[in-house]
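Dumped entry.txt below, it's compact mmCIF, N, CA and C atoms:
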# COMPACT_ATOMS: atom_id res chain seq x y z
N MET A 1 -45.44 -43.60 -35.82
CA MET A 1 -44.04 -43.61 -35.43
C MET A 1 -43.90 -44.22 -34.04
N LYS A 2 -42.92 -45.07 -33.91
CA LYS A 2 -42.69 -45.75 -32.64
C LYS A 2 -42.04 -44.79 -31.63
N GLN A 3 -42.58 -44.78 -30.43
CA GLN A 3 -42.05 -43.90 -29.40
C GLN A 3 -41.08 -44.69 -28.52
N SER A 4 -39.91 -44.14 -28.33
CA SER A 4 -38.85 -44.80 -27.56
C SER A 4 -39.05 -44.54 -26.07
N PRO A 5 -38.70 -45.50 -25.21
CA PRO A 5 -38.82 -45.29 -23.77
C PRO A 5 -37.65 -44.50 -23.18
N PHE A 6 -36.64 -44.19 -23.99
CA PHE A 6 -35.45 -43.53 -23.45
C PHE A 6 -35.71 -42.13 -22.90
N PRO A 7 -36.60 -41.31 -23.48
CA PRO A 7 -36.88 -40.02 -22.83
C PRO A 7 -37.47 -40.18 -21.42
N TYR A 8 -38.30 -41.19 -21.22
CA TYR A 8 -38.85 -41.44 -19.89
C TYR A 8 -37.75 -41.82 -18.91
N ILE A 9 -36.80 -42.62 -19.37
CA ILE A 9 -35.68 -43.02 -18.51
C ILE A 9 -34.83 -41.80 -18.16
N ALA A 10 -34.55 -40.96 -19.14
CA ALA A 10 -33.71 -39.78 -18.90
C ALA A 10 -34.39 -38.79 -17.96
N ILE A 11 -35.66 -38.51 -18.18
CA ILE A 11 -36.39 -37.54 -17.34
C ILE A 11 -36.48 -38.04 -15.90
N THR A 12 -36.80 -39.33 -15.73
CA THR A 12 -36.92 -39.89 -14.38
C THR A 12 -35.58 -39.87 -13.67
N THR A 13 -34.52 -40.24 -14.37
CA THR A 13 -33.19 -40.26 -13.77
C THR A 13 -32.77 -38.84 -13.36
N LEU A 14 -32.96 -37.87 -14.24
CA LEU A 14 -32.58 -36.50 -13.91
C LEU A 14 -33.39 -35.96 -12.73
N LEU A 15 -34.67 -36.28 -12.68
CA LEU A 15 -35.49 -35.82 -11.55
C LEU A 15 -35.00 -36.42 -10.23
N LEU A 16 -34.71 -37.71 -10.23
CA LEU A 16 -34.28 -38.35 -8.98
C LEU A 16 -32.89 -37.88 -8.55
N ILE A 17 -32.01 -37.59 -9.50
CA ILE A 17 -30.71 -37.02 -9.15
C ILE A 17 -30.89 -35.61 -8.60
N THR A 18 -31.80 -34.85 -9.19
CA THR A 18 -32.09 -33.50 -8.70
C THR A 18 -32.63 -33.53 -7.28
N ILE A 19 -33.48 -34.49 -6.98
CA ILE A 19 -34.00 -34.63 -5.62
C ILE A 19 -32.88 -34.92 -4.64
N THR A 20 -31.96 -35.78 -5.04
CA THR A 20 -30.82 -36.11 -4.17
C THR A 20 -29.97 -34.87 -3.89
N ILE A 21 -29.72 -34.07 -4.91
CA ILE A 21 -28.95 -32.85 -4.72
C ILE A 21 -29.71 -31.87 -3.84
N MET A 22 -31.02 -31.76 -4.05
CA MET A 22 -31.83 -30.85 -3.24
C MET A 22 -31.84 -31.26 -1.77
N CYS A 23 -31.83 -32.56 -1.51
CA CYS A 23 -31.79 -33.03 -0.12
C CYS A 23 -30.48 -32.64 0.55
N SER A 24 -29.38 -32.76 -0.18
CA SER A 24 -28.09 -32.43 0.41
C SER A 24 -27.91 -30.93 0.58
N MET A 25 -28.69 -30.11 -0.16
CA MET A 25 -28.59 -28.66 -0.04
C MET A 25 -29.64 -28.08 0.90
N ASN A 26 -30.36 -28.93 1.62
CA ASN A 26 -31.36 -28.52 2.62
C ASN A 26 -32.47 -27.65 2.03
N PHE A 27 -33.03 -28.09 0.92
CA PHE A 27 -34.19 -27.40 0.36
C PHE A 27 -35.39 -27.63 1.28
N PRO A 28 -36.41 -26.81 1.15
CA PRO A 28 -37.61 -27.00 1.99
C PRO A 28 -38.23 -28.38 1.78
N PHE A 29 -38.77 -28.91 2.87
CA PHE A 29 -39.31 -30.26 2.85
C PHE A 29 -40.41 -30.42 1.83
N ASN A 30 -41.30 -29.43 1.68
CA ASN A 30 -42.44 -29.59 0.77
C ASN A 30 -41.99 -29.73 -0.67
N TRP A 31 -40.92 -29.03 -1.09
CA TRP A 31 -40.39 -29.20 -2.45
C TRP A 31 -39.92 -30.62 -2.66
N ILE A 32 -39.13 -31.10 -1.71
CA ILE A 32 -38.57 -32.45 -1.83
C ILE A 32 -39.67 -33.49 -1.80
N PHE A 33 -40.66 -33.30 -0.93
CA PHE A 33 -41.75 -34.26 -0.82
C PHE A 33 -42.53 -34.37 -2.13
N TYR A 34 -42.94 -33.22 -2.67
CA TYR A 34 -43.75 -33.25 -3.90
C TYR A 34 -42.95 -33.77 -5.09
N LEU A 35 -41.69 -33.41 -5.18
CA LEU A 35 -40.87 -33.94 -6.28
C LEU A 35 -40.63 -35.44 -6.12
N THR A 36 -40.54 -35.92 -4.88
CA THR A 36 -40.39 -37.36 -4.66
C THR A 36 -41.65 -38.10 -5.09
N VAL A 37 -42.81 -37.55 -4.79
CA VAL A 37 -44.07 -38.17 -5.22
C VAL A 37 -44.15 -38.20 -6.75
N ILE A 38 -43.79 -37.09 -7.38
CA ILE A 38 -43.77 -37.05 -8.85
C ILE A 38 -42.75 -38.05 -9.39
N GLY A 39 -41.60 -38.16 -8.72
CA GLY A 39 -40.58 -39.12 -9.14
C GLY A 39 -41.06 -40.56 -9.04
N GLN A 40 -41.81 -40.88 -8.00
CA GLN A 40 -42.34 -42.23 -7.87
C GLN A 40 -43.35 -42.53 -8.97
N ILE A 41 -44.17 -41.55 -9.32
CA ILE A 41 -45.12 -41.75 -10.42
C ILE A 41 -44.36 -41.95 -11.73
N LEU A 42 -43.30 -41.15 -11.94
CA LEU A 42 -42.50 -41.30 -13.15
C LEU A 42 -41.79 -42.65 -13.22
N VAL A 43 -41.38 -43.18 -12.08
CA VAL A 43 -40.75 -44.51 -12.08
C VAL A 43 -41.74 -45.56 -12.55
N VAL A 44 -42.97 -45.48 -12.06
CA VAL A 44 -43.99 -46.45 -12.49
C VAL A 44 -44.26 -46.32 -13.99
N ILE A 45 -44.40 -45.09 -14.48
CA ILE A 45 -44.63 -44.87 -15.91
C ILE A 45 -43.43 -45.38 -16.73
N MET A 46 -42.22 -45.10 -16.25
CA MET A 46 -41.02 -45.53 -16.95
C MET A 46 -40.95 -47.05 -17.05
N VAL A 47 -41.21 -47.73 -15.95
CA VAL A 47 -41.18 -49.20 -15.96
C VAL A 47 -42.23 -49.75 -16.91
N TYR A 48 -43.41 -49.17 -16.90
CA TYR A 48 -44.47 -49.60 -17.82
C TYR A 48 -44.05 -49.42 -19.27
N LYS A 49 -43.49 -48.26 -19.60
CA LYS A 49 -43.08 -47.98 -20.97
C LYS A 49 -41.96 -48.91 -21.42
N VAL A 50 -41.01 -49.19 -20.54
CA VAL A 50 -39.90 -50.08 -20.90
C VAL A 50 -40.40 -51.50 -21.10
N LEU A 51 -41.28 -51.97 -20.23
CA LEU A 51 -41.76 -53.34 -20.35
C LEU A 51 -42.71 -53.53 -21.53
N LYS A 52 -43.43 -52.50 -21.92
CA LYS A 52 -44.36 -52.60 -23.04
C LYS A 52 -43.72 -52.25 -24.38
N ASP A 53 -42.43 -51.91 -24.39
CA ASP A 53 -41.75 -51.55 -25.63
C ASP A 53 -41.65 -52.78 -26.52
N LYS A 54 -41.88 -52.60 -27.81
CA LYS A 54 -41.86 -53.70 -28.78
C LYS A 54 -40.45 -53.95 -29.31
N TYR A 55 -39.51 -54.12 -28.42
CA TYR A 55 -38.11 -54.33 -28.80
C TYR A 55 -37.85 -55.83 -28.93
N THR A 56 -37.27 -56.22 -30.04
CA THR A 56 -36.90 -57.62 -30.23
C THR A 56 -35.45 -57.70 -30.66
N THR A 57 -34.83 -58.81 -30.37
CA THR A 57 -33.44 -59.03 -30.75
C THR A 57 -33.24 -60.51 -31.04
N ASN A 58 -32.21 -60.80 -31.78
CA ASN A 58 -31.89 -62.20 -32.05
C ASN A 58 -30.71 -62.66 -31.20
N LYS A 59 -30.28 -61.83 -30.27
CA LYS A 59 -29.17 -62.19 -29.38
C LYS A 59 -29.66 -63.12 -28.28
N THR A 60 -28.76 -63.96 -27.81
CA THR A 60 -29.05 -64.84 -26.68
C THR A 60 -27.97 -64.64 -25.62
N PHE A 61 -28.10 -65.35 -24.52
CA PHE A 61 -27.09 -65.24 -23.47
C PHE A 61 -25.76 -65.82 -23.92
N GLU A 62 -25.77 -66.62 -24.96
CA GLU A 62 -24.52 -67.16 -25.49
C GLU A 62 -23.67 -66.06 -26.11
N HIS A 63 -24.30 -64.97 -26.56
CA HIS A 63 -23.56 -63.86 -27.15
C HIS A 63 -22.91 -62.99 -26.08
N PHE A 64 -23.47 -62.99 -24.88
CA PHE A 64 -23.02 -62.20 -23.74
C PHE A 64 -22.77 -60.77 -24.17
N TYR A 65 -21.66 -60.20 -23.83
CA TYR A 65 -21.33 -58.83 -24.25
C TYR A 65 -20.53 -58.87 -25.53
N GLU A 66 -20.91 -58.07 -26.50
CA GLU A 66 -20.21 -58.08 -27.77
C GLU A 66 -18.81 -57.49 -27.67
N ASP A 67 -18.62 -56.53 -26.77
CA ASP A 67 -17.30 -55.91 -26.67
C ASP A 67 -16.35 -56.70 -25.77
N HIS A 68 -16.87 -57.61 -24.95
CA HIS A 68 -16.03 -58.44 -24.09
C HIS A 68 -16.47 -59.90 -24.24
N PRO A 69 -16.07 -60.55 -25.30
CA PRO A 69 -16.52 -61.94 -25.46
C PRO A 69 -15.93 -62.84 -24.38
N ILE A 70 -16.70 -63.82 -24.01
CA ILE A 70 -16.26 -64.78 -23.00
C ILE A 70 -15.53 -65.91 -23.71
N GLU A 71 -14.32 -66.12 -23.30
CA GLU A 71 -13.56 -67.24 -23.83
C GLU A 71 -13.26 -68.17 -22.67
N PRO A 72 -13.33 -69.45 -22.90
CA PRO A 72 -13.05 -70.36 -21.79
C PRO A 72 -11.61 -70.21 -21.30
N ILE A 73 -11.47 -70.22 -19.99
CA ILE A 73 -10.12 -70.12 -19.42
C ILE A 73 -9.77 -71.47 -18.81
N GLU A 74 -8.51 -71.74 -18.82
CA GLU A 74 -8.04 -73.00 -18.27
C GLU A 74 -7.28 -72.69 -16.98
N VAL A 75 -7.73 -73.28 -15.89
CA VAL A 75 -7.09 -73.08 -14.61
C VAL A 75 -6.32 -74.34 -14.29
N ARG A 76 -5.02 -74.18 -14.14
CA ARG A 76 -4.17 -75.34 -13.83
C ARG A 76 -3.61 -75.16 -12.44
N ALA A 77 -3.79 -76.17 -11.62
CA ALA A 77 -3.25 -76.15 -10.27
C ALA A 77 -1.86 -76.73 -10.29
N GLU A 78 -0.94 -76.06 -9.59
CA GLU A 78 0.44 -76.56 -9.53
C GLU A 78 0.54 -77.79 -8.62
N ASN A 79 -0.21 -77.74 -7.53
CA ASN A 79 -0.15 -78.83 -6.58
C ASN A 79 -1.54 -79.39 -6.42
N LYS A 80 -1.76 -80.59 -6.89
CA LYS A 80 -3.10 -81.17 -6.82
C LYS A 80 -3.48 -81.52 -5.38
N ASN A 81 -2.53 -81.76 -4.52
CA ASN A 81 -2.80 -82.08 -3.11
C ASN A 81 -2.64 -80.80 -2.29
N PHE A 82 -3.47 -79.83 -2.59
CA PHE A 82 -3.36 -78.52 -1.95
C PHE A 82 -3.68 -78.59 -0.46
N ARG A 83 -4.66 -79.36 -0.09
CA ARG A 83 -5.05 -79.41 1.32
C ARG A 83 -4.40 -80.55 1.93
Rewrite the structure from the file as structure tokens, please.
Amino acid sequence: MKQSPFPYIAITTLLLITITIMCSMNFPFNWIFYLTVIGQILVVIMVYKVLKDKYTTNKTFEHFYEDHPIEPIEVRAENKNFR
């Protein structure tokens, strides 16, 4: 069974948000330090898992965003001698 990288992304994101909240609540330095070290290790693991994922798609940059298609716009200047 193929393992998705999304749990790694979620766990890393939640840990780093938790560290940010702990910093603002003045938690002891050693807690924040050790969680930051663990967070940095998780970031490296997360990046590795995302880059090594066997995800393929047939989309190209021409498709851009499916929910906001790019349509050419026409810009017409009222006064060609603007300057």
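Residue neighbourhood of Pro7 in chain A, excluding near-sequence residues (fewer than 5 positions): Thr12, Thr13 and Met46 of chain A, at 8 Å, using all atoms listed in the file.
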> What's the 8 Å shell around Phe6 in chain A, counting only N, CA and C atoms, without same-chain residues fewer than 4 positions away, as a PyMOL selection string?
Replying inline: chain A and resi 10-12+49-50
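Closest approach to Ile19 in chain A among A:Leu42, A:Ser4, A:Thr36, A:Glu74 is made by A:Thr36 (distances from only C-alpha atoms).
Going from CA of Ile9 in chain A over to atom N of Phe29 in chain A, you cover 25.8 Å.
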>> Give me the residues near Thr18 in chain A as a ChimeraX atom specification, where near means some atom within 12 Å (using only C-alpha atoms) and where sequence neighbours in that chain fewer than 2 positions away do not count.
In response: /A:11-16,20-25,27,31-32,35-36,39
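Our summary of the geometry notes that atom N of Val37 in chain A is positioned 16.1 Å from CA of Tyr8 in chain A.
The two atoms in question, atom C of Gln40 in chain A and atom C of Ile17 in chain A, are spaced 14.3 Å apart.
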>> Taking the DSSP secondary structure from the backbone, can you list the residues of range 3-45 of chain A that are alpha helix (DSSP H), as an NGL selection string?
In response: :A and (6-24 or 29-45)
